[in-house]
Structures are given as structure tokens and as C-alpha cells.
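Participant: Okay, so here is structure.csv, and as you'll see once you scroll down, it has CSV, C-alpha atoms.
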```csv
chain,number,residue,atom,x,y,z
A,1,MET,CA,88.2,80.2,123.9
A,2,GLU,CA,86.7,82.5,121.4
A,3,LEU,CA,85.0,84.7,124.0
A,4,ALA,CA,88.2,84.9,126.0
A,5,LEU,CA,90.0,86.1,122.9
A,6,LYS,CA,87.3,88.6,122.2
A,7,ILE,CA,87.6,90.0,125.7
A,8,ALA,CA,91.4,90.2,125.4
A,9,ALA,CA,91.1,92.0,122.0
A,10,ALA,CA,88.5,94.4,123.5
A,11,ALA,CA,90.9,95.1,126.4
A,12,VAL,CA,93.8,95.8,124.1
A,13,LEU,CA,91.7,98.1,121.9
A,14,VAL,CA,90.6,100.1,125.0
A,15,LEU,CA,94.3,100.3,125.9
A,16,LEU,CA,95.0,101.5,122.4
A,17,LEU,CA,92.4,104.2,123.0
A,18,PHE,CA,94.3,105.5,126.0
A,19,TYR,CA,97.5,105.3,124.0
A,20,MET,CA,96.0,107.4,121.2
A,21,TRP,CA,94.4,110.0,123.4
A,22,PRO,CA,97.6,112.1,124.0
A,23,ALA,CA,98.3,112.0,120.2
A,24,TYR,CA,94.8,113.2,119.5
A,25,LYS,CA,95.1,116.0,122.1
A,26,HIS,CA,98.4,117.0,120.7
A,27,TRP,CA,97.2,117.3,117.1
A,28,GLN,CA,94.0,119.0,118.1
A,29,GLU,CA,95.7,121.6,120.2
A,30,HIS,CA,99.1,122.1,118.5
A,31,GLY,CA,98.5,120.7,115.0
A,32,PRO,CA,98.5,123.2,112.1
A,33,LYS,CA,95.1,124.5,111.1
A,34,ALA,CA,93.8,123.9,107.6
A,35,GLU,CA,94.3,126.8,105.2
A,36,LYS,CA,92.3,127.7,102.1
A,37,GLY,CA,92.2,124.7,99.7
A,38,ASP,CA,93.8,122.2,102.1
A,39,TRP,CA,90.6,120.2,102.7
A,40,GLN,CA,89.8,120.3,99.0
A,41,ALA,CA,93.3,118.8,98.4
A,42,ALA,CA,92.6,116.0,100.9
A,43,ILE,CA,89.0,115.3,99.9
A,44,VAL,CA,89.7,114.8,96.2
A,45,PRO,CA,92.0,111.8,96.7
A,46,LEU,CA,89.8,110.4,99.4
A,47,GLY,CA,86.8,110.7,97.1
A,48,ALA,CA,88.8,108.9,94.4
A,49,VAL,CA,89.5,106.1,96.9
A,50,ALA,CA,85.8,105.8,97.7
A,51,ALA,CA,84.9,105.7,94.0
A,52,PHE,CA,87.6,103.1,93.4
A,53,VAL,CA,86.2,100.9,96.2
A,54,ILE,CA,82.7,101.2,94.8
A,55,LEU,CA,84.1,100.0,91.4
A,56,LEU,CA,85.8,97.0,93.1
A,57,ILE,CA,82.5,96.2,94.9
A,58,LEU,CA,80.6,96.3,91.5
A,59,ALA,CA,83.3,94.0,90.1
A,60,VAL,CA,82.5,91.3,92.6
A,61,ARG,CA,78.7,91.5,92.4
B,62,MET,CA,125.9,136.7,101.3
B,63,ALA,CA,127.3,134.4,103.9
B,64,ASN,CA,123.9,133.9,105.4
B,65,THR,CA,122.4,132.9,102.1
B,66,ASP,CA,125.2,130.3,101.6
B,67,PHE,CA,124.5,128.9,105.1
B,68,SER,CA,120.8,128.6,104.5
B,69,VAL,CA,121.5,126.9,101.2
B,70,VAL,CA,123.8,124.4,102.9
B,71,ARG,CA,121.3,123.8,105.7
B,72,SER,CA,118.4,123.3,103.3
B,73,THR,CA,120.5,120.9,101.2
B,74,GLN,CA,121.3,118.9,104.3
B,75,ALA,CA,117.7,118.8,105.3
B,76,VAL,CA,116.6,117.6,101.8
B,77,ILE,CA,119.3,114.9,102.0
B,78,THR,CA,118.2,113.7,105.4
B,79,THR,CA,114.5,113.7,104.3
B,80,ASN,CA,115.3,111.7,101.2
B,81,LYS,CA,117.3,109.2,103.3
B,82,VAL,CA,114.4,108.7,105.7
B,83,LEU,CA,112.0,108.4,102.7
B,84,LYS,CA,114.3,105.8,101.0
B,85,ASN,CA,114.9,103.8,104.2
B,86,THR,CA,111.1,103.9,105.0
B,87,TYR,CA,110.2,102.5,101.6
B,88,LEU,CA,113.0,99.9,101.7
B,89,LEU,CA,111.9,98.7,105.1
B,90,LEU,CA,108.3,98.8,104.1
B,91,ALA,CA,109.0,96.6,101.1
B,92,ALA,CA,111.0,94.2,103.2
B,93,THR,CA,108.3,93.9,106.0
B,94,LEU,CA,105.5,93.5,103.4
B,95,GLY,CA,107.6,90.7,101.8
B,96,PHE,CA,108.2,89.1,105.2
B,97,SER,CA,104.5,89.3,106.0
B,98,ALA,CA,103.7,87.6,102.7
B,99,LEU,CA,106.1,84.8,103.6
B,100,THR,CA,104.6,84.3,107.1
B,101,ALA,CA,101.1,84.4,105.6
B,102,MET,CA,102.1,81.6,103.1
B,103,LEU,CA,103.5,79.6,106.0
B,104,SER,CA,100.2,80.1,107.9
B,105,ILE,CA,98.2,78.9,104.9
B,106,ALA,CA,100.5,75.9,104.4
B,107,LEU,CA,100.1,75.0,108.1
B,108,ALA,CA,96.2,75.5,107.9
B,109,VAL,CA,96.3,77.6,111.0
B,110,PRO,CA,92.8,78.0,112.6
B,111,SER,CA,91.0,81.4,112.2
B,112,TRP,CA,91.3,82.3,115.9
B,113,MET,CA,95.0,82.7,115.3
B,114,TYR,CA,94.2,86.0,113.6
B,115,LEU,CA,93.0,87.6,116.9
B,116,VAL,CA,95.9,86.1,118.8
B,117,SER,CA,98.5,87.5,116.4
B,118,VAL,CA,96.7,91.0,116.2
B,119,ILE,CA,96.6,91.2,120.0
B,120,ALA,CA,100.3,90.3,120.3
B,121,ALA,CA,101.3,92.7,117.5
B,122,MET,CA,99.2,95.6,119.1
B,123,LEU,CA,100.9,95.0,122.5
B,124,MET,CA,104.3,95.0,120.9
B,125,GLY,CA,103.4,98.1,118.9
B,126,ILE,CA,102.3,100.0,122.0
B,127,PHE,CA,105.0,98.8,124.5
B,128,VAL,CA,108.1,97.5,122.7
B,129,LEU,CA,108.5,99.3,119.4
B,130,PRO,CA,108.5,102.9,120.6
B,131,ARG,CA,111.2,102.0,123.2
B,132,THR,CA,113.4,100.3,120.6
B,133,ALA,CA,112.7,102.4,117.4
B,134,ASN,CA,115.9,104.4,117.9
B,135,SER,CA,118.2,101.4,118.0
B,136,SER,CA,118.9,98.5,115.6
B,137,THR,CA,116.7,96.3,117.9
B,138,GLY,CA,113.8,98.2,116.4
B,139,ILE,CA,114.3,96.6,113.0
B,140,GLY,CA,114.0,93.1,114.6
B,141,VAL,CA,110.9,94.2,116.5
B,142,ILE,CA,109.2,95.6,113.4
B,143,PHE,CA,109.9,92.3,111.5
B,144,LEU,CA,108.5,90.4,114.5
B,145,ILE,CA,105.3,92.5,114.5
B,146,THR,CA,104.8,92.4,110.7
B,147,GLY,CA,105.6,88.7,110.7
B,148,LEU,CA,103.0,88.1,113.4
B,149,LEU,CA,100.4,90.1,111.5
B,150,GLY,CA,101.2,88.2,108.3
B,151,PHE,CA,100.9,84.9,110.1
B,152,GLY,CA,97.4,85.9,111.5
B,153,LEU,CA,96.4,87.2,108.0
B,154,GLY,CA,97.2,83.8,106.6
B,155,SER,CA,94.4,82.2,108.6
B,156,ILE,CA,91.9,84.7,107.3
B,157,LEU,CA,93.2,84.2,103.7
B,158,SER,CA,92.8,80.4,104.1
B,159,MET,CA,89.1,80.9,104.8
B,160,TYR,CA,88.6,83.2,101.8
B,161,LEU,CA,90.6,81.0,99.4
B,162,ALA,CA,88.3,78.1,100.3
B,163,LEU,CA,85.2,80.0,99.0
B,164,PRO,CA,84.0,79.6,95.4
B,165,ASN,CA,85.1,83.1,94.3
B,166,GLY,CA,87.6,83.5,97.1
B,167,PRO,CA,90.8,83.7,95.0
B,168,GLN,CA,89.3,86.4,92.9
B,169,THR,CA,88.2,88.4,96.0
B,170,VAL,CA,91.7,88.1,97.5
B,171,ALA,CA,93.3,89.1,94.3
B,172,LEU,CA,91.0,92.1,93.9
B,173,ALA,CA,91.6,93.2,97.5
B,174,PHE,CA,95.4,92.8,97.0
B,175,GLY,CA,95.4,94.8,93.8
B,176,GLY,CA,93.0,97.4,95.2
B,177,THR,CA,95.2,98.0,98.3
B,178,ALA,CA,98.3,98.3,96.1
B,179,ALA,CA,96.5,100.8,93.8
B,180,ILE,CA,95.2,102.9,96.8
B,181,PHE,CA,98.6,103.0,98.5
B,182,LEU,CA,100.6,103.8,95.3
B,183,GLY,CA,98.1,106.4,94.2
B,184,LEU,CA,97.9,108.2,97.6
B,185,SER,CA,101.7,108.1,98.2
B,186,GLY,CA,102.3,109.4,94.8
B,187,TYR,CA,99.8,112.2,95.3
B,188,ALA,CA,101.2,113.2,98.7
B,189,LEU,CA,104.8,113.1,97.4
B,190,THR,CA,104.2,115.1,94.2
B,191,SER,CA,101.7,117.6,95.5
B,192,LYS,CA,104.1,118.5,98.4
B,193,ARG,CA,101.2,119.7,100.4
B,194,ASP,CA,101.2,119.6,104.2
B,195,PHE,CA,98.5,117.2,105.3
B,196,SER,CA,99.3,117.5,109.0
B,197,PHE,CA,96.2,119.6,109.5
B,198,MET,CA,94.3,116.3,109.2
B,199,GLY,CA,95.9,115.0,112.4
B,200,GLY,CA,93.2,115.9,114.9
B,201,PHE,CA,90.4,114.7,112.5
B,202,ILE,CA,91.9,111.3,111.7
B,203,PHE,CA,92.9,110.5,115.3
B,204,ALA,CA,89.4,111.4,116.5
B,205,GLY,CA,87.9,109.3,113.7
B,206,MET,CA,90.2,106.4,114.6
B,207,MET,CA,89.1,106.5,118.2
B,208,VAL,CA,85.4,106.4,117.2
B,209,VAL,CA,86.1,103.5,115.0
B,210,ILE,CA,88.0,101.6,117.7
B,211,LEU,CA,84.9,102.0,120.0
B,212,ALA,CA,82.7,100.7,117.2
B,213,ILE,CA,85.1,97.7,116.7
B,214,VAL,CA,84.9,96.9,120.4
B,215,ALA,CA,81.1,97.0,120.3
B,216,ASN,CA,81.0,94.8,117.2
B,217,LEU,CA,83.3,92.2,118.7
B,218,PHE,CA,80.3,91.2,120.8
B,219,LEU,CA,77.3,92.5,118.8
B,220,GLN,CA,78.5,90.8,115.5
B,221,MET,CA,76.3,93.1,113.3
B,222,PRO,CA,77.0,92.7,109.5
B,223,ALA,CA,75.8,96.3,108.8
B,224,LEU,CA,78.1,97.7,111.5
B,225,SER,CA,81.0,95.6,110.1
B,226,LEU,CA,80.4,97.1,106.7
B,227,ALA,CA,80.3,100.7,108.1
B,228,ILE,CA,83.5,100.0,110.1
B,229,SER,CA,85.4,98.6,107.1
B,230,SER,CA,84.3,101.5,104.9
B,231,ALA,CA,85.4,104.0,107.6
B,232,ILE,CA,88.7,102.2,108.1
B,233,ILE,CA,89.5,102.4,104.4
B,234,LEU,CA,88.9,106.2,104.4
B,235,LEU,CA,90.7,106.8,107.7
B,236,MET,CA,93.8,104.7,106.7
B,237,SER,CA,93.8,106.5,103.3
B,238,GLY,CA,93.9,109.7,105.3
B,239,PHE,CA,96.8,108.3,107.4
B,240,ILE,CA,98.8,107.5,104.3
B,241,LEU,CA,98.5,111.1,103.1
B,242,PHE,CA,99.3,112.4,106.7
B,243,ASP,CA,102.3,110.0,107.2
B,244,THR,CA,103.7,110.4,103.7
B,245,SER,CA,103.5,114.2,103.8
B,246,ARG,CA,105.2,114.2,107.3
B,247,ILE,CA,108.1,112.1,106.0
B,248,ALA,CA,108.4,114.2,102.8
B,249,ARG,CA,108.5,117.4,104.8
B,250,GLY,CA,111.1,116.1,107.2
B,251,GLU,CA,108.8,116.1,110.2
B,252,GLU,CA,109.2,112.3,110.8
B,253,THR,CA,112.9,111.4,111.1
B,254,ASN,CA,112.6,107.8,112.5
B,255,TYR,CA,112.1,105.5,109.5
B,256,ILE,CA,111.2,102.5,111.7
B,257,MET,CA,108.1,104.4,113.2
B,258,ALA,CA,107.3,105.8,109.7
B,259,THR,CA,107.4,102.2,108.3
B,260,TYR,CA,105.2,101.0,111.1
B,261,GLY,CA,102.6,103.7,110.5
B,262,ILE,CA,102.4,103.1,106.7
B,263,TYR,CA,102.5,99.3,107.1
B,264,LEU,CA,99.5,99.4,109.5
B,265,SER,CA,97.6,101.6,107.0
B,266,ILE,CA,98.2,99.1,104.2
B,267,PHE,CA,97.4,96.1,106.4
B,268,ASN,CA,94.1,97.7,107.6
B,269,ILE,CA,93.1,98.7,104.1
B,270,PHE,CA,93.7,95.2,102.8
B,271,ILE,CA,91.8,93.5,105.6
B,272,SER,CA,88.8,96.0,105.4
B,273,LEU,CA,88.7,95.7,101.6
B,274,LEU,CA,88.8,91.9,101.8
B,275,GLN,CA,85.9,92.0,104.3
B,276,LEU,CA,83.9,94.5,102.2
B,277,LEU,CA,84.4,92.6,99.0
B,278,GLY,CA,83.6,89.3,100.8
B,279,ILE,CA,80.3,90.7,102.2
B,280,MET,CA,79.2,92.5,99.0
B,281,GLY,CA,80.1,89.4,96.9
B,282,ASP,CA,77.7,87.4,99.1
B,283,GLU,CA,80.5,85.4,100.7
```
Could you express the structure from this file as C-alpha cells?
Facilitator:
Amino acid sequence: MELALKIAAAAVLVLLLFYMWPAYKHWQEHGPKAEKGDWQAAIVPLGAVAAFVILLILAVR
Amino acid sequence: MANTDFSVVRSTQAVITTNKVLKNTYLLLAATLGFSALTAMLSIALAVPSWMYLVSVIAAMLMGIFVLPRTANSSTGIGVIFLITGLLGFGLGSILSMYLALPNGPQTVALAFGGTAAIFLGLSGYALTSKRDFSFMGGFIFAGMMVVILAIVANLFLQMPALSLAISSAIILLMSGFILFDTSRIARGEETNYIMATYGIYLSIFNIFISLLQLLGIMGDE
């Protein structure tokens, strides 16, 4: 039962990969390119998320 | 002069449309999250077995791929998104039952819930107030998501705790990126369908919650 479910989940995830491929190609080829300061503006909040998750992990240890 | 007036009218209309999509997205998001909480409570009350999580995720993914995009432009789409989020909530309930039965389980679940809310509110607030265009991240986060999906498929059979940790950490960062990406697209009027916008943000929140729960569970020795 569990193995059958895992195989079904793997099949659906592979299907999802095929579904995501055109979206990836679209954003890679036609998406806007990052300008100066864009990555910095994205990395700062993502870094804050990482620091926050580390804090939560320390809280449960 | 006439041209200036026209552009002012057009931009005002665009702002009104964008605000309407934003308002509808957050209203539908609140409703679907509430509905998921209800189905999760129902699942806990019924003591649904843990394999129900995989069943509900498979059904929800199939509906998200094949049904929702075809119905998102009609009122049927609202019913479909409630069905998907209700299913995901029902599956989540079976996982929550397992965690709640552990010694520090309720604390872990509460921390994961609070952490997810803080991450979502912080990132949405940042994307809305900074008014930056985060669509340059599209290629990067879609590529990252595809790599993570491959790792998830491998770990379904390998069951490696270290890989689970790495996947959960990567999902939290990628979904945080998706929140910035989706919110900035809605705020800039690039996403006009509030049902699809809600689905994207809901999935990000759901995945952050599940990954945080797993991360806190593993690191808290549970």
C-alpha cells in the first residue's frame, strides 16, 4: 500500500516537472534580467528568513 | 494635455484593477486557509492514518495541474480551489495528529505555525512596500524547484534524514522566493487572475509550514 502510494507520488511529481518545464523556459528566456541592486533586495529578506528559521531551531533544541 | 489626462485615467484604472486583484487574492487566501484549518481539525478528530497525507497531496496536485487552470477564469474555479485546499488540509491533519502525539509536539506545531505566519507576513509586507519587481527571480526559482522535485522523488525511496533536512531547508527558501515573486507580480498588475494568485501563495504557505514542521521535528529530536 505504502510503496504503491510512493510510486504514484513519484509519478505525479515527474508529471509536475514536465508541467513546470515550459514555465522555467519562459522565465529563463523572456523573464526580465536582474538590474543593479535587485539580487541584494531579494537576498536580504531571504537571509532574514534563514536567520529566523535558525532561531526557531534553537528554540526547540 | 489631452494625452496626459488619458494616461492619468489609464494608470488610475490599472491601479484600481491591481488593488481589486490584491484584495480578492488575500480574501480568498484567508478563506482557503480557514477552510484548510477546518478540514485539518476534522482529519485530527477522525484520527485519519498518515498515508492519507500522500493520497490527498497526489489528488490535490493532479487537480492543480489539470482542473484548476481550466476553471480559474470562471466561478467554478472558486469551488475547485476550495476542494484542493480542503484536501491539502485534510491530509495535513493526519501529519499534525502524529506530531501532536509526541512529547513536545504541540510546541513544535505552534512554533511552525507562528513561524510560517511571520515569514509570510514579513515577505508579503516587504514585497508590497518595496514595490520592487522580483520577476527577475523567475528562472532561478523555477530551476531550483525542479531540482528539489527530483530530490524529493529520490528521497521518497531513499528515506535519508540528511537529504530530508536539505530538501526542507531548500523548500523554505524557494517558497520564500515564490512569495516575493508572486506578491510583486500581483502588486505590479502582472497577475490578473486572483484564483491562480491565491493558489500560488497558498502552496507557498503550505510548503513552508510542512517543511518548517519537519525541520523543527528533526532538530528537536522527534
Participant: Considering only C-alpha atoms, tabulate each residue of chain B that lies at most 7 Å from chain A along with its nearest interatomic pair and the corresponding distance in Å to one decimal; arrange the rows by chain and ascending residue number and present them as CSV.
Facilitator:
```
residue,atom,partner,partner_atom,distance
B:Leu115,CA,A:Leu5,CA,6.9
B:Ile119,CA,A:Ala9,CA,5.9
B:Ile180,CA,A:Val49,CA,6.5
B:Leu184,CA,A:Pro45,CA,7.0
B:Ser196,CA,A:Pro32,CA,6.5
B:Phe197,CA,A:Pro32,CA,5.0
B:Gly199,CA,A:Trp27,CA,5.4
B:Gly200,CA,A:Gln28,CA,4.5
B:Phe203,CA,A:Tyr24,CA,5.3
B:Ala204,CA,A:Tyr24,CA,6.4
B:Met207,CA,A:Leu17,CA,6.3
B:Ile210,CA,A:Leu13,CA,6.6
B:Val214,CA,A:Ala10,CA,5.4
B:Leu217,CA,A:Lys6,CA,6.4
B:Leu234,CA,A:Leu46,CA,6.6
B:Ser237,CA,A:Leu46,CA,6.8
B:Leu277,CA,A:Ile57,CA,5.8
B:Met280,CA,A:Ile57,CA,6.4
B:Gly281,CA,A:Arg61,CA,5.2
```
Participant: So how many Å separate atom CA of Leu273 of chain B and atom CA of Val170 of chain B, to one decimal?
Facilitator: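 Taking atom CA of Leu273 of chain B and atom CA of Val170 of chain B, their separation equals 9.1 Å.
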Participant: Nearest to Ile142 of chain B: which of B:Thr79, B:Met113, B:Ala106, B:Ala258 is it, counting all atoms listed in the file?
Facilitator: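 So, comparing all the options, the nearest one is B:Ala258.
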Participant: Expressed in Å to a single decimal, how great is the separation between atom CA of Ile202 of chain B and atom CA of Ile228 of chain B?
Facilitator: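 Spanning atom CA of Ile202 of chain B to atom CA of Ile228 of chain B is a straight-line distance of 14.2 Å.
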Participant: Using all atoms listed in the file, find the one residue out of B:Pro222, B:Pro164, B:Gly238, B:Gly205 that sits nearest to Val44 of chain A.
Facilitator: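 Using all atoms listed in the file, the shortest distance to Val44 of chain A belongs to B:Gly238.
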Participant: Identify, on the basis of only C-alpha atoms, every residue whose closest approach to segment 85-98 of chain B does not exceed 10 Å; exclude the query and any residue fewer than 6 positions from it along the same chain; express the result as number ranges by chain.
Facilitator: B: 79, 104, 139, 142-154, 244, 247, 253-263, 266-267
Participant: Between atom CA of Asp194 of chain B and atom CA of Arg249 of chain B, what is the distance, to one decimal in Å?
Facilitator: 7.6 Å
Participant: Complete the atoms of segment 17-35 of chain A to N, CA and C atoms and put them out as a PDB file, in the frame of the given file.
Facilitator:
```
ATOM      1  N   LEU A  17      93.085 102.957 122.860  1.00  0.00           N
ATOM      2  CA  LEU A  17      92.400 104.200 123.000  1.00  0.00           C
ATOM      3  C   LEU A  17      93.116 105.192 123.904  1.00  0.00           C
ATOM      4  N   PHE A  18      93.524 104.660 125.073  1.00  0.00           N
ATOM      5  CA  PHE A  18      94.300 105.500 126.000  1.00  0.00           C
ATOM      6  C   PHE A  18      95.601 105.920 125.464  1.00  0.00           C
ATOM      7  N   TYR A  19      96.213 105.026 124.652  1.00  0.00           N
ATOM      8  CA  TYR A  19      97.500 105.300 124.000  1.00  0.00           C
ATOM      9  C   TYR A  19      97.336 106.415 122.966  1.00  0.00           C
ATOM     10  N   MET A  20      96.187 106.402 122.270  1.00  0.00           N
ATOM     11  CA  MET A  20      96.000 107.400 121.200  1.00  0.00           C
ATOM     12  C   MET A  20      95.517 108.743 121.702  1.00  0.00           C
ATOM     13  N   TRP A  21      94.946 108.780 122.902  1.00  0.00           N
ATOM     14  CA  TRP A  21      94.400 110.000 123.400  1.00  0.00           C
ATOM     15  C   TRP A  21      95.389 111.184 123.441  1.00  0.00           C
ATOM     16  N   PRO A  22      96.629 110.979 123.966  1.00  0.00           N
ATOM     17  CA  PRO A  22      97.600 112.100 124.000  1.00  0.00           C
ATOM     18  C   PRO A  22      97.921 112.570 122.530  1.00  0.00           C
ATOM     19  N   ALA A  23      98.003 111.617 121.592  1.00  0.00           N
ATOM     20  CA  ALA A  23      98.300 112.000 120.200  1.00  0.00           C
ATOM     21  C   ALA A  23      97.159 112.838 119.639  1.00  0.00           C
ATOM     22  N   TYR A  24      95.920 112.431 119.959  1.00  0.00           N
ATOM     23  CA  TYR A  24      94.800 113.200 119.500  1.00  0.00           C
ATOM     24  C   TYR A  24      94.776 114.614 120.088  1.00  0.00           C
ATOM     25  N   LYS A  25      95.045 114.694 121.417  1.00  0.00           N
ATOM     26  CA  LYS A  25      95.100 116.000 122.100  1.00  0.00           C
ATOM     27  C   LYS A  25      96.157 116.891 121.489  1.00  0.00           C
ATOM     28  N   HIS A  26      97.329 116.271 121.222  1.00  0.00           N
ATOM     29  CA  HIS A  26      98.400 117.000 120.700  1.00  0.00           C
ATOM     30  C   HIS A  26      98.072 117.632 119.302  1.00  0.00           C
ATOM     31  N   TRP A  27      97.520 116.793 118.421  1.00  0.00           N
ATOM     32  CA  TRP A  27      97.200 117.300 117.100  1.00  0.00           C
ATOM     33  C   TRP A  27      96.032 118.261 117.092  1.00  0.00           C
ATOM     34  N   GLN A  28      95.112 118.049 118.056  1.00  0.00           N
ATOM     35  CA  GLN A  28      94.000 119.000 118.100  1.00  0.00           C
ATOM     36  C   GLN A  28      94.390 120.341 118.620  1.00  0.00           C
ATOM     37  N   GLU A  29      95.321 120.363 119.595  1.00  0.00           N
ATOM     38  CA  GLU A  29      95.700 121.600 120.200  1.00  0.00           C
ATOM     39  C   GLU A  29      96.881 122.311 119.485  1.00  0.00           C
ATOM     40  N   HIS A  30      97.866 121.501 119.049  1.00  0.00           N
ATOM     41  CA  HIS A  30      99.100 122.100 118.500  1.00  0.00           C
ATOM     42  C   HIS A  30      99.249 121.848 116.987  1.00  0.00           C
ATOM     43  N   GLY A  31      98.399 121.015 116.407  1.00  0.00           N
ATOM     44  CA  GLY A  31      98.500 120.700 115.000  1.00  0.00           C
ATOM     45  C   GLY A  31      98.192 121.964 114.149  1.00  0.00           C
ATOM     46  N   PRO A  32      98.787 122.037 112.939  1.00  0.00           N
ATOM     47  CA  PRO A  32      98.500 123.200 112.100  1.00  0.00           C
ATOM     48  C   PRO A  32      97.029 123.221 111.664  1.00  0.00           C
ATOM     49  N   LYS A  33      96.471 124.412 111.549  1.00  0.00           N
ATOM     50  CA  LYS A  33      95.100 124.500 111.100  1.00  0.00           C
ATOM     51  C   LYS A  33      95.046 124.513 109.569  1.00  0.00           C
ATOM     52  N   ALA A  34      93.927 124.017 109.050  1.00  0.00           N
ATOM     53  CA  ALA A  34      93.800 123.900 107.600  1.00  0.00           C
ATOM     54  C   ALA A  34      93.703 125.348 106.996  1.00  0.00           C
ATOM     55  N   GLU A  35      94.409 125.526 105.879  1.00  0.00           N
ATOM     56  CA  GLU A  35      94.300 126.800 105.200  1.00  0.00           C
ATOM     57  C   GLU A  35      93.396 126.615 103.960  1.00  0.00           C
TER      58      GLU A  35
END
```
